[in-house]
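Visitor: Take this structure, written in structure tokens, and hold onto it; I'll ask about it next.
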Amino acid sequence: MANASVQKKSAVSRLVKDLKVYGGLKGRDIANIVGVSPPTVSRWSKGEGSPTIEKQRVIAELRWVAERLSDFYAPDETRLWLQSGHPQLDGERPYDLINQGRTGEVLEVIERLDSGVFL
């Protein structure tokens, strides 16, 4: 059972690292998005502690979106894209939608980017 816990911690720390690489997100960005303190994100990065299942879902979906955006944008541009109101999302910020469990709407916009149909 302890081994599963270690794997989960490692998975979360990889997700946080990937968000920094693909999404250009800083620890404080991730903390703001998932509603925790920056030191908490730092602990997760080190494999210490583990977020709730809901926060893990948000981190995993945010990572997926950031990776998809990396096909189109540099990490700092991805960070801005995630944190800015988007016209194809009725002015809402993509990371707010991800936090609300509405990742599908964000991915639809990215698919439009992929097909060359975007504003």
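Residue numbering restarts at 1 in every chain; chains get A, B, ... in the order shown in the structure tokens, and ligands count up from 1 in that same order.
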Skipping near chain neighbours, those fewer than 2 positions away, what residues fall within 10 Å of segment 35-52 of chain A using only C-alpha atoms, listed as a list in words?
Guide: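 After dropping sequence-adjacent residues, the list is Ser5, Val6, Gln7, Lys8, Lys9, Ser10, Ala11, Val12, Ser13, Arg14, Leu15, Val16, Lys17, Lys26, Gly27, Arg28, Asp29, Ile30, Ala31, Asn32, Ile33, Glu54, Lys55, Gln56, Arg57, Val58, Ile59 and Asn99 of chain A.
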Visitor: Provide the atom CA of Tyr22 of chain A to atom CA of Ala66 of chain A distance in Å, to one decimal place.
Guide: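 Computed distance, atom CA of Tyr22 of chain A to atom CA of Ala66 of chain A, equals 5.6 Å.
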Visitor: Do a neighbour search on Val65 of chain A at 10 Å with only C-alpha atoms, toss out local chain neighbours closer than 4 positions, and write the hits as a list in words.
Guide: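 So, after excluding close chain neighbours, the residues are Leu19, Tyr22, Gly23, Ile59, Ala60, Glu61, Leu69, Ser70, Thr78, Leu82, Pro94, Tyr95, Ile98, Thr103, Gly104, Val106, Leu107 and Ile110 of chain A.
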Visitor: Can you work out the spacing between atom CA of Gly116 of chain A and atom CA of Leu62 of chain A in Å, to one decimal?
Guide: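 According to the coordinates, atom CA of Gly116 of chain A and atom CA of Leu62 of chain A are separated by 22.2 Å.
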Visitor: Among segment 6-61 of chain A, which residues does DSSP mark as alpha helix (DSSP H) when it is run on the backbone? Keep the chain and numbering as in the structure and answer as number ranges by chain.
Guide: A: 6-23, 27-34, 38-45, 53-61
Visitor: Given the selection you just returned, output its residues as a file containing N, CA and C atoms, formatted as a compact mmCIF listing (two decimals), in the first residue's frame.
Guide:
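Okay, this is what ended up in out14.txt:
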```txt
# COMPACT_ATOMS: atom_id res chain seq x y z
N VAL A 6 3.54 6.25 -2.84
CA VAL A 6 4.75 6.83 -3.44
C VAL A 6 4.51 7.10 -4.92
N GLN A 7 3.86 6.17 -5.62
CA GLN A 7 3.59 6.37 -7.05
C GLN A 7 2.68 7.57 -7.25
N LYS A 8 1.66 7.72 -6.41
CA LYS A 8 0.73 8.83 -6.54
C LYS A 8 1.47 10.16 -6.34
N LYS A 9 2.32 10.21 -5.32
CA LYS A 9 3.09 11.42 -5.06
C LYS A 9 3.98 11.73 -6.25
N SER A 10 4.62 10.71 -6.79
CA SER A 10 5.49 10.93 -7.94
C SER A 10 4.69 11.42 -9.13
N ALA A 11 3.50 10.88 -9.32
CA ALA A 11 2.65 11.31 -10.43
C ALA A 11 2.27 12.78 -10.27
N VAL A 12 1.90 13.18 -9.08
CA VAL A 12 1.52 14.58 -8.83
C VAL A 12 2.72 15.49 -9.04
N SER A 13 3.88 15.09 -8.56
CA SER A 13 5.07 15.94 -8.74
C SER A 13 5.41 16.06 -10.23
N ARG A 14 5.21 15.00 -11.00
CA ARG A 14 5.43 15.08 -12.46
C ARG A 14 4.43 16.01 -13.12
N LEU A 15 3.18 15.95 -12.69
CA LEU A 15 2.16 16.84 -13.25
C LEU A 15 2.52 18.30 -12.99
N VAL A 16 2.94 18.59 -11.76
CA VAL A 16 3.31 19.97 -11.42
C VAL A 16 4.51 20.40 -12.26
N LYS A 17 5.49 19.53 -12.40
CA LYS A 17 6.67 19.85 -13.22
C LYS A 17 6.25 20.11 -14.67
N ASP A 18 5.38 19.25 -15.21
CA ASP A 18 4.91 19.43 -16.59
C ASP A 18 4.16 20.74 -16.77
N LEU A 19 3.39 21.15 -15.76
CA LEU A 19 2.68 22.43 -15.86
C LEU A 19 3.67 23.59 -15.96
N LYS A 20 4.77 23.45 -15.27
CA LYS A 20 5.80 24.50 -15.34
C LYS A 20 6.49 24.48 -16.70
N VAL A 21 6.73 23.29 -17.24
CA VAL A 21 7.42 23.17 -18.53
C VAL A 21 6.50 23.54 -19.69
N TYR A 22 5.35 22.86 -19.80
CA TYR A 22 4.45 23.09 -20.93
C TYR A 22 3.66 24.39 -20.82
N GLY A 23 3.23 24.70 -19.60
CA GLY A 23 2.34 25.83 -19.42
C GLY A 23 3.00 27.10 -18.95
N GLY A 27 4.74 28.13 -9.45
CA GLY A 27 4.08 27.50 -8.31
C GLY A 27 2.91 28.32 -7.80
N ARG A 28 3.08 29.64 -7.77
CA ARG A 28 1.97 30.50 -7.27
C ARG A 28 0.78 30.47 -8.22
N ASP A 29 1.05 30.31 -9.55
CA ASP A 29 -0.06 30.20 -10.50
C ASP A 29 -0.87 28.94 -10.21
N ILE A 30 -0.17 27.84 -10.07
CA ILE A 30 -0.84 26.56 -9.79
C ILE A 30 -1.60 26.65 -8.48
N ALA A 31 -0.97 27.28 -7.47
CA ALA A 31 -1.63 27.44 -6.17
C ALA A 31 -2.92 28.24 -6.32
N ASN A 32 -2.87 29.35 -7.06
CA ASN A 32 -4.07 30.17 -7.27
C ASN A 32 -5.16 29.41 -8.01
N ILE A 33 -4.77 28.63 -8.99
CA ILE A 33 -5.74 27.89 -9.80
C ILE A 33 -6.46 26.85 -8.97
N VAL A 34 -5.72 26.10 -8.16
CA VAL A 34 -6.36 25.01 -7.40
C VAL A 34 -6.76 25.41 -5.99
N PRO A 38 1.15 28.59 -2.13
CA PRO A 38 2.35 28.23 -2.90
C PRO A 38 3.24 27.20 -2.19
N PRO A 39 3.41 27.28 -0.84
CA PRO A 39 4.22 26.24 -0.19
C PRO A 39 3.62 24.83 -0.35
N THR A 40 2.30 24.75 -0.44
CA THR A 40 1.67 23.45 -0.65
C THR A 40 2.07 22.89 -2.01
N VAL A 41 2.05 23.72 -3.04
CA VAL A 41 2.46 23.28 -4.37
C VAL A 41 3.92 22.87 -4.36
N SER A 42 4.73 23.61 -3.62
CA SER A 42 6.15 23.27 -3.50
C SER A 42 6.33 21.88 -2.88
N ARG A 43 5.54 21.58 -1.85
CA ARG A 43 5.60 20.24 -1.23
C ARG A 43 5.18 19.17 -2.23
N TRP A 44 4.12 19.42 -2.99
CA TRP A 44 3.69 18.45 -4.00
C TRP A 44 4.79 18.21 -5.01
N SER A 45 5.50 19.29 -5.39
CA SER A 45 6.59 19.17 -6.36
C SER A 45 7.69 18.25 -5.86
N ILE A 53 -8.43 14.37 -4.31
CA ILE A 53 -8.75 13.79 -5.61
C ILE A 53 -9.25 14.88 -6.56
N GLU A 54 -10.07 15.79 -6.08
CA GLU A 54 -10.59 16.87 -6.93
C GLU A 54 -9.46 17.77 -7.43
N LYS A 55 -8.53 18.11 -6.55
CA LYS A 55 -7.40 18.95 -6.95
C LYS A 55 -6.49 18.19 -7.91
N GLN A 56 -6.34 16.88 -7.71
CA GLN A 56 -5.56 16.06 -8.64
C GLN A 56 -6.21 16.08 -10.02
N ARG A 57 -7.55 16.02 -10.06
CA ARG A 57 -8.25 16.07 -11.35
C ARG A 57 -7.97 17.39 -12.05
N VAL A 58 -8.07 18.50 -11.31
CA VAL A 58 -7.83 19.81 -11.90
C VAL A 58 -6.39 19.90 -12.42
N ILE A 59 -5.43 19.45 -11.63
CA ILE A 59 -4.02 19.50 -12.04
C ILE A 59 -3.80 18.65 -13.28
N ALA A 60 -4.37 17.46 -13.31
CA ALA A 60 -4.19 16.57 -14.46
C ALA A 60 -4.83 17.15 -15.72
N GLU A 61 -6.02 17.71 -15.60
CA GLU A 61 -6.69 18.29 -16.76
C GLU A 61 -5.98 19.56 -17.22
```
Visitor: Given only C-alpha atoms as the basis, pick out the residue of A:Gly24, A:Glu92, A:Arg63, A:Gln100 nearest to Pro75 of chain A.
Guide: A:Gly24
Visitor: Which of these, A:Gly101, A:Asp114, A:Leu25, A:His86, has the shortest distance to Asp71 of chain A once you count only C-alpha atoms?
Guide: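 Closest to Asp71 of chain A of all the choices is A:Asp114.
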Visitor: Which value, in Å to one decimal, gives the distance between atom CA of Gln83 of chain A and atom CA of Asp96 of chain A?
Guide: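 These atoms are spaced 8.3 Å apart.
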